[in-house]
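A quick write-up on the structure given underneath.
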Number of protein chains: 2
Amino acid sequence: MDKTEKLRLIMKEKDIDLIVLSPGANLNWLLNFNPHADERPLLFFLTQSGSAFLMPELEAESARQHTDIKFYNWSDASGPLSSIDSLLNDLKGFSSRTIVIDDTMRADHAAIVQDKLLNSNRLFTASTIGALRMQKDATEQHILTLNAHQADTAMEMAWAKINVGMKEEEVASVIKKSFSDQGASPQFSIVAAGSNSAFPHHQTGSTELKEGDVIVIDLGGKFKGYASDITRMACVGSPPTDYSLVHQIVEDSVCAALAAAMPGQIAKNVDKAARDVIEKAGFGEYFIHRTGHGLGSEIHEPPFITSTSETILEPGMVFSIEPGIYIPNKFGVRLEEIVILEEHGPVVLSKLSRELKILN
Amino acid sequence: MDKTEKLRLIMKEKDIDLIVLSPGANLNWLLNFNPHADERPLLFFLTQSGSAFLMPELEAESARQHTDIKFYNWSDASGPLSSIDSLLNDLKGFSSRTIVIDDTMRADHAAIVQDKLLNSNRLFTASTIGALRMQKDATEQHILTLNAHQADTAMEMAWAKINVGMKEEEVASVIKKSFSDQGASPQFSIVAAGSNSAFPHHQTGSTELKEGDVIVIDLGGKFKGYASDITRMACVGSPPTDYSLVHQIVEDSVCAALAAAMPGQIAKNVDKAARDVIEKAGFGEYFIHRTGHGLGSEIHEPPFITSTSETILEPGMVFSIEPGIYIPNKFGVRLEEIVILEEHGPVVLSKLSRELKILN
């Protein structure tokens, strides 16, 4: 059964009449087609029995190389509105009681669709394509495993180059270069030194690394359409006196989450396992984010490992375990693994130790 | 008067009660602040007298380094809904008859705002921030001029490296490297050889350049937050026999649009000037896109030079003139200039000739 057939089964189950996707991860997953995205609405419409593209005229010839699905072209002169009318009229067997809109669609494009279907219930993609995308097949798992090893290499390259006086952004450049050299496309590289490490999403900048700084490095690239993501801790010289204690608590939290993450478990219980360790140690107020997120063609995708997620974990899911403790004006510690959930439990993809890496 | 004051004047004129922005070009233009964007809603709310951020807790400490505006934090555990309620309650003097949503906001984030303000009229940013962003100040014009010269250099670098047998994507790599070497960030590089040139937005791929191929190269980078964009035609050896005629028609179309683009002119008349030349030559059906778009922090932004645009052109605007003729299965020709509109007319930023570049 191909992906579109699987998706239509879910549409029937959930009584969904129409799914509308924009260029991006969902469309690329479904049709293996990633058209050019700009301010011109280019939208894919899928009903239980039909499908069509709303297509900017200047993209049509190029897009036709990738798909046989019917196009409703519109020009810069005409605008998209009458083409959408024709498209919706032609999609037979279609009612518009419940429609699904791509989460990441631009708001102005979503408005065009919703204004045409004013009395519909609107959902987003999490419960349909999101649910299907959570299940990674063997090929996807293989690519994600390769990617994790590329990320390990980028981390080791950063460690090898770090010196006192280097700027965070220079470390980030080393990471980007390592991904490029491996044929991957760099996606992000958070390098947070000293007290900057207390910001989970620190904007990597011109801060210079000093002796005794702890350094959060959180990096990821994309290779063959899939992402990598890993976080490790390093220190130039000796860390602050209370560092080891906090690092050990985060390590224990990772281990507790890994132990909890078994098939059949509810995602929120994995978050609870990680959070309980940190709360019992008295640092609960400093763990200010969820425990993890799915990883695939997007860096963040379902399943989300949060305190409220009712998602049941199943073999084939790939997600992060990344608790952290962030003490303002002192330092932060985050340790992040990507795991593939197998029948017997989670398999960690990285080969790097989670111990503090001491750099000299 | 600062940008926020200017924007509030427009809000008063147009009776707009609330503007909501997500991370991106509009927010960065207004506050010089470009926070991390992901699936967690991070939104800026501006009323005629107040302002506030809806802020994911894990971004708050880092974001606080960039702004003093009040934050309404929400955690992965709580979700954003009750924080939005508090935020909207606290924004004094605020009614929600007419709200403006950032065009590029994710649809799922826009839904959160709109579901809280169900009886509002919804507009997008074109007539408010879009209108202000059209007017480039002296600093912006200076950066855009520098960027145009970087783009010229990238084009010349591509021409210098092109050889028969090279793949389109290898030419694109040369362009990317040239931008990187100049300290800019590569944004796009369309390289379309032979009959691929008939696709205005060809997906640059593994097509090898052959003797006699015409090659569209459309490239741009970003430097100091602003974009560049230029298109030129090249040929390896001698072009097809009917090529020169078509190139000359596109050149005449560029000249006609440049002559029409005077302050006080309506944008659609510039499109008409370009289009008339091509239609009179009998190629009207092959000019399948607008004549131009604004250029600034985004590659496409207002003013748009289309057959229906009523925008009145004013000194300080920066936009492209880029007519094209695309003959399926044969070749396409596009020539693109970026101009700054001054009191006496448009000033072309590129120093490169628009003649066909013959490569040997």
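Scheme for the structure tokens: letters A, B, ... for chains in order shown; per-chain residue numbers from 1; ligand numbers from 1 in order shown.
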Give the residues of chain A that lie within 10 Å of chain B; count only C-alpha atoms, and format the answer as a VMD selection string.
chain A and resid 34 to 36 38 to 39 56 to 63 65 74 to 79 101 to 111 122 to 125 196 198 to 203 268 271 287 to 291 299 to 301 304 to 309 326 328
May I have the residues within 7 Å of range 82-85 of chain B as a VMD selection string, using only C-alpha atoms and disregarding those fewer than 6 positions away in the same chain?
chain B and resid 54 72 to 74
Could you pull the residues within 9 Å of Ile327 in chain A, counting only C-alpha atoms, minus those fewer than 4 positions along the same chain, as a ChimeraX atom specification?
/A:195,197-199,283,286,331-333
Which polymer residues have any atom within 6 Å of an atom of Gly205 in chain A, counting only C-alpha atoms, with same-chain residues fewer than 2 positions away left out, as a PyMOL selection string?
chain A and resi 168-169+207
I need the strand (DSSP E or B) residues of range 76-245 of chain B per DSSP on the backbone, written as an mmCIF file with C-alpha atoms, in the first residue's frame.
data_model
loop_
_atom_site.group_PDB
_atom_site.id
_atom_site.type_symbol
_atom_site.label_atom_id
_atom_site.label_comp_id
_atom_site.auth_asym_id
_atom_site.auth_seq_id
_atom_site.Cartn_x
_atom_site.Cartn_y
_atom_site.Cartn_z
ATOM 1 C CA THR B 98 -9.464 44.592 12.655
ATOM 2 C CA ILE B 99 -6.287 42.575 13.062
ATOM 3 C CA VAL B 100 -3.264 42.111 10.834
ATOM 4 C CA ILE B 101 -1.524 38.724 10.699
ATOM 5 C CA ARG B 106 2.695 29.287 10.202
ATOM 6 C CA ASN B 121 -11.613 41.226 10.326
ATOM 7 C CA ARG B 122 -8.325 39.714 9.275
ATOM 8 C CA LEU B 123 -5.805 41.472 7.057
ATOM 9 C CA PHE B 124 -2.226 40.637 6.132
ATOM 10 C CA LYS B 167 26.682 19.973 -14.516
ATOM 11 C CA SER B 185 25.154 33.818 2.583
ATOM 12 C CA PRO B 186 24.119 32.120 -0.685
ATOM 13 C CA GLN B 187 20.334 32.224 -1.106
ATOM 14 C CA PHE B 188 19.519 30.691 -4.484
ATOM 15 C CA SER B 189 21.203 29.881 -7.781
ATOM 16 C CA ILE B 190 19.066 28.809 -10.707
ATOM 17 C CA VAL B 191 21.268 27.390 -13.449
ATOM 18 C CA ALA B 192 19.175 26.196 -16.394
ATOM 19 C CA ALA B 193 20.953 24.876 -19.478
ATOM 20 C CA GLU B 208 25.442 18.584 -18.289
ATOM 21 C CA VAL B 214 22.051 28.824 -23.742
ATOM 22 C CA ILE B 215 22.238 29.079 -19.952
ATOM 23 C CA VAL B 216 20.010 31.150 -17.670
ATOM 24 C CA ILE B 217 21.809 32.044 -14.447
ATOM 25 C CA ASP B 218 19.601 33.664 -11.786
ATOM 26 C CA LEU B 219 21.401 34.095 -8.480
ATOM 27 C CA GLY B 220 21.249 35.905 -5.166
ATOM 28 C CA GLY B 221 22.830 36.066 -1.743
ATOM 29 C CA LYS B 222 22.263 37.796 1.561
ATOM 30 C CA PHE B 223 24.668 40.231 3.174
ATOM 31 C CA TYR B 226 19.588 42.198 2.703
ATOM 32 C CA ALA B 227 19.298 40.265 -0.549
ATOM 33 C CA ILE B 230 20.294 39.159 -10.870
ATOM 34 C CA THR B 231 19.704 37.143 -14.042
ATOM 35 C CA ARG B 232 21.938 37.007 -17.096
ATOM 36 C CA MET B 233 22.191 34.787 -20.182
ATOM 37 C CA ALA B 234 25.285 32.911 -21.295
ATOM 38 C CA CYS B 235 26.070 30.436 -24.053
ATOM 39 C CA VAL B 236 28.805 27.871 -24.503
#
As a PyMOL selection string, please: every residue in range 112-264 of chain A that a backbone DSSP assignment puts in alpha helix (DSSP H).
chain A and resi 112-116+129-134+138-161+168-181+243-260
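The space between CA of Asp276 in chain B and CA of Leu356 in chain B spans 22.4 Å.
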So that I can check the surroundings of Leu88 in chain A, please list as a list in words every protein, DNA and RNA residue that reaches within 12 Å of it, counting only C-alpha atoms and ignoring chain neighbours fewer than 6 positions away.
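Near neighbours after the sequence-gap exclusion: Asp17, Leu18, Val20, Phe44, Phe45, Leu46, Thr47, Gly50, Ser51, Ala52, Phe53, Leu54, Tyr72, Leu81, Ser82, Phe94, Ser95, Ser96, Val113, Lys116 and Leu117 of chain A.
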Restricting the output to C-alpha atoms, write the selected residues as a short mmCIF file (atom, residue, chain, number, x, y, z; two decimals), in the first residue's frame.
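Produced file again01.cif, reproduced below:
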data_model
loop_
_atom_site.label_atom_id
_atom_site.label_comp_id
_atom_site.auth_asym_id
_atom_site.auth_seq_id
_atom_site.Cartn_x
_atom_site.Cartn_y
_atom_site.Cartn_z
CA ASP A 17 -12.80 15.26 3.52
CA LEU A 18 -9.80 17.24 2.33
CA VAL A 20 -4.27 20.71 1.75
CA PHE A 44 -1.74 20.18 -3.10
CA PHE A 45 -5.33 19.08 -2.50
CA LEU A 46 -6.13 15.47 -1.56
CA THR A 47 -9.63 14.09 -1.08
CA GLY A 50 -9.14 12.71 -5.95
CA SER A 51 -6.18 15.04 -5.95
CA ALA A 52 -4.96 18.19 -7.70
CA PHE A 53 -2.39 20.96 -7.52
CA LEU A 54 -3.04 24.68 -7.47
CA TYR A 72 -4.90 24.13 -11.99
CA LEU A 81 -8.81 32.62 -6.77
CA SER A 82 -10.72 31.45 -9.84
CA PHE A 94 -15.85 15.93 -2.09
CA SER A 95 -17.61 17.68 0.75
CA SER A 96 -15.84 20.12 3.02
CA VAL A 113 -8.25 27.99 1.28
CA LYS A 116 -13.28 29.27 0.14
CA LEU A 117 -14.46 26.66 2.68
#
Please identify all polymer residues within 10 Å of Ile338 in chain A, counting only C-alpha atoms, omitting same-chain residues fewer than 5 positions from it, and present them as a PDB file with N, CA and C atoms, in the first residue's frame.
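New file selection_34.pdb:
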ATOM      1  N   LEU A 144      18.885   7.707   8.956  1.00  0.00           N
ATOM      2  CA  LEU A 144      18.996   8.424  10.238  1.00  0.00           C
ATOM      3  C   LEU A 144      20.194   7.925  11.045  1.00  0.00           C
ATOM      4  N   THR A 145      20.509   6.641  10.910  1.00  0.00           N
ATOM      5  CA  THR A 145      21.674   6.092  11.606  1.00  0.00           C
ATOM      6  C   THR A 145      22.970   6.655  11.016  1.00  0.00           C
ATOM      7  N   ALA A 148      23.383  10.211  12.131  1.00  0.00           N
ATOM      8  CA  ALA A 148      23.820  10.349  13.522  1.00  0.00           C
ATOM      9  C   ALA A 148      25.338  10.225  13.605  1.00  0.00           C
ATOM     10  N   SER A 228      19.847  15.180  11.500  1.00  0.00           N
ATOM     11  CA  SER A 228      20.539  14.660  12.679  1.00  0.00           C
ATOM     12  C   SER A 228      20.452  15.709  13.770  1.00  0.00           C
ATOM     13  N   ASP A 229      20.732  15.293  15.014  1.00  0.00           N
ATOM     14  CA  ASP A 229      20.566  16.198  16.161  1.00  0.00           C
ATOM     15  C   ASP A 229      21.260  15.544  17.353  1.00  0.00           C
ATOM     16  N   ILE A 230      22.212  16.228  17.944  1.00  0.00           N
ATOM     17  CA  ILE A 230      22.898  15.684  19.119  1.00  0.00           C
ATOM     18  C   ILE A 230      23.394  16.834  19.978  1.00  0.00           C
ATOM     19  N   THR A 231      23.404  16.628  21.289  1.00  0.00           N
ATOM     20  CA  THR A 231      23.971  17.623  22.204  1.00  0.00           C
ATOM     21  C   THR A 231      24.943  16.948  23.161  1.00  0.00           C
ATOM     22  N   GLY A 292      11.748  15.557  24.778  1.00  0.00           N
ATOM     23  CA  GLY A 292      12.214  15.182  23.445  1.00  0.00           C
ATOM     24  C   GLY A 292      11.218  15.462  22.350  1.00  0.00           C
ATOM     25  N   HIS A 293      11.681  15.185  21.117  1.00  0.00           N
ATOM     26  CA  HIS A 293      10.877  15.407  19.916  1.00  0.00           C
ATOM     27  C   HIS A 293      11.250  14.351  18.896  1.00  0.00           C
ATOM     28  N   GLY A 294      10.317  14.063  17.983  1.00  0.00           N
ATOM     29  CA  GLY A 294      10.624  13.176  16.875  1.00  0.00           C
ATOM     30  C   GLY A 294      11.639  13.794  15.939  1.00  0.00           C
ATOM     31  N   LEU A 295      12.327  12.937  15.184  1.00  0.00           N
ATOM     32  CA  LEU A 295      13.322  13.397  14.214  1.00  0.00           C
ATOM     33  C   LEU A 295      13.106  12.616  12.919  1.00  0.00           C
ATOM     34  N   VAL A 318      11.348   7.364  15.897  1.00  0.00           N
ATOM     35  CA  VAL A 318      12.685   7.918  16.125  1.00  0.00           C
ATOM     36  C   VAL A 318      12.513   9.258  16.831  1.00  0.00           C
ATOM     37  N   PHE A 319      13.153   9.401  17.982  1.00  0.00           N
ATOM     38  CA  PHE A 319      12.961  10.645  18.738  1.00  0.00           C
ATOM     39  C   PHE A 319      14.157  10.945  19.618  1.00  0.00           C
ATOM     40  N   SER A 320      14.177  12.173  20.136  1.00  0.00           N
ATOM     41  CA  SER A 320      15.269  12.575  21.017  1.00  0.00           C
ATOM     42  C   SER A 320      14.879  12.373  22.470  1.00  0.00           C
ATOM     43  N   ILE A 321      15.918  12.157  23.299  1.00  0.00           N
ATOM     44  CA  ILE A 321      15.823  12.200  24.760  1.00  0.00           C
ATOM     45  C   ILE A 321      16.840  13.262  25.152  1.00  0.00           C
ATOM     46  N   GLU A 322      16.384  14.409  25.672  1.00  0.00           N
ATOM     47  CA  GLU A 322      17.319  15.504  25.891  1.00  0.00           C
ATOM     48  C   GLU A 322      16.956  16.393  27.081  1.00  0.00           C
ATOM     49  N   PRO A 346      14.679   1.273  23.244  1.00  0.00           N
ATOM     50  CA  PRO A 346      15.321   2.282  22.398  1.00  0.00           C
ATOM     51  C   PRO A 346      16.780   1.939  22.104  1.00  0.00           C
ATOM     52  N   VAL A 347      17.190   2.183  20.848  1.00  0.00           N
ATOM     53  CA  VAL A 347      18.587   2.014  20.448  1.00  0.00           C
ATOM     54  C   VAL A 347      19.179   3.401  20.219  1.00  0.00           C
ATOM     55  N   VAL A 348      20.216   3.732  20.979  1.00  0.00           N
ATOM     56  CA  VAL A 348      20.871   5.039  20.853  1.00  0.00           C
ATOM     57  C   VAL A 348      21.743   5.038  19.594  1.00  0.00           C
ATOM     58  N   LEU A 349      21.593   6.083  18.752  1.00  0.00           N
ATOM     59  CA  LEU A 349      22.322   6.106  17.476  1.00  0.00           C
ATOM     60  C   LEU A 349      23.755   6.616  17.600  1.00  0.00           C
ATOM     61  N   SER A 350      23.991   7.566  18.485  1.00  0.00           N
ATOM     62  CA  SER A 350      25.338   8.122  18.618  1.00  0.00           C
ATOM     63  C   SER A 350      26.283   7.117  19.257  1.00  0.00           C
TER      64      SER A 350
END
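CA of Glu298 in chain A is positioned 24.0 Å from CA of Glu343 in chain A.
CA of Ala37 in chain A is positioned 21.4 Å from CA of Arg133 in chain A.
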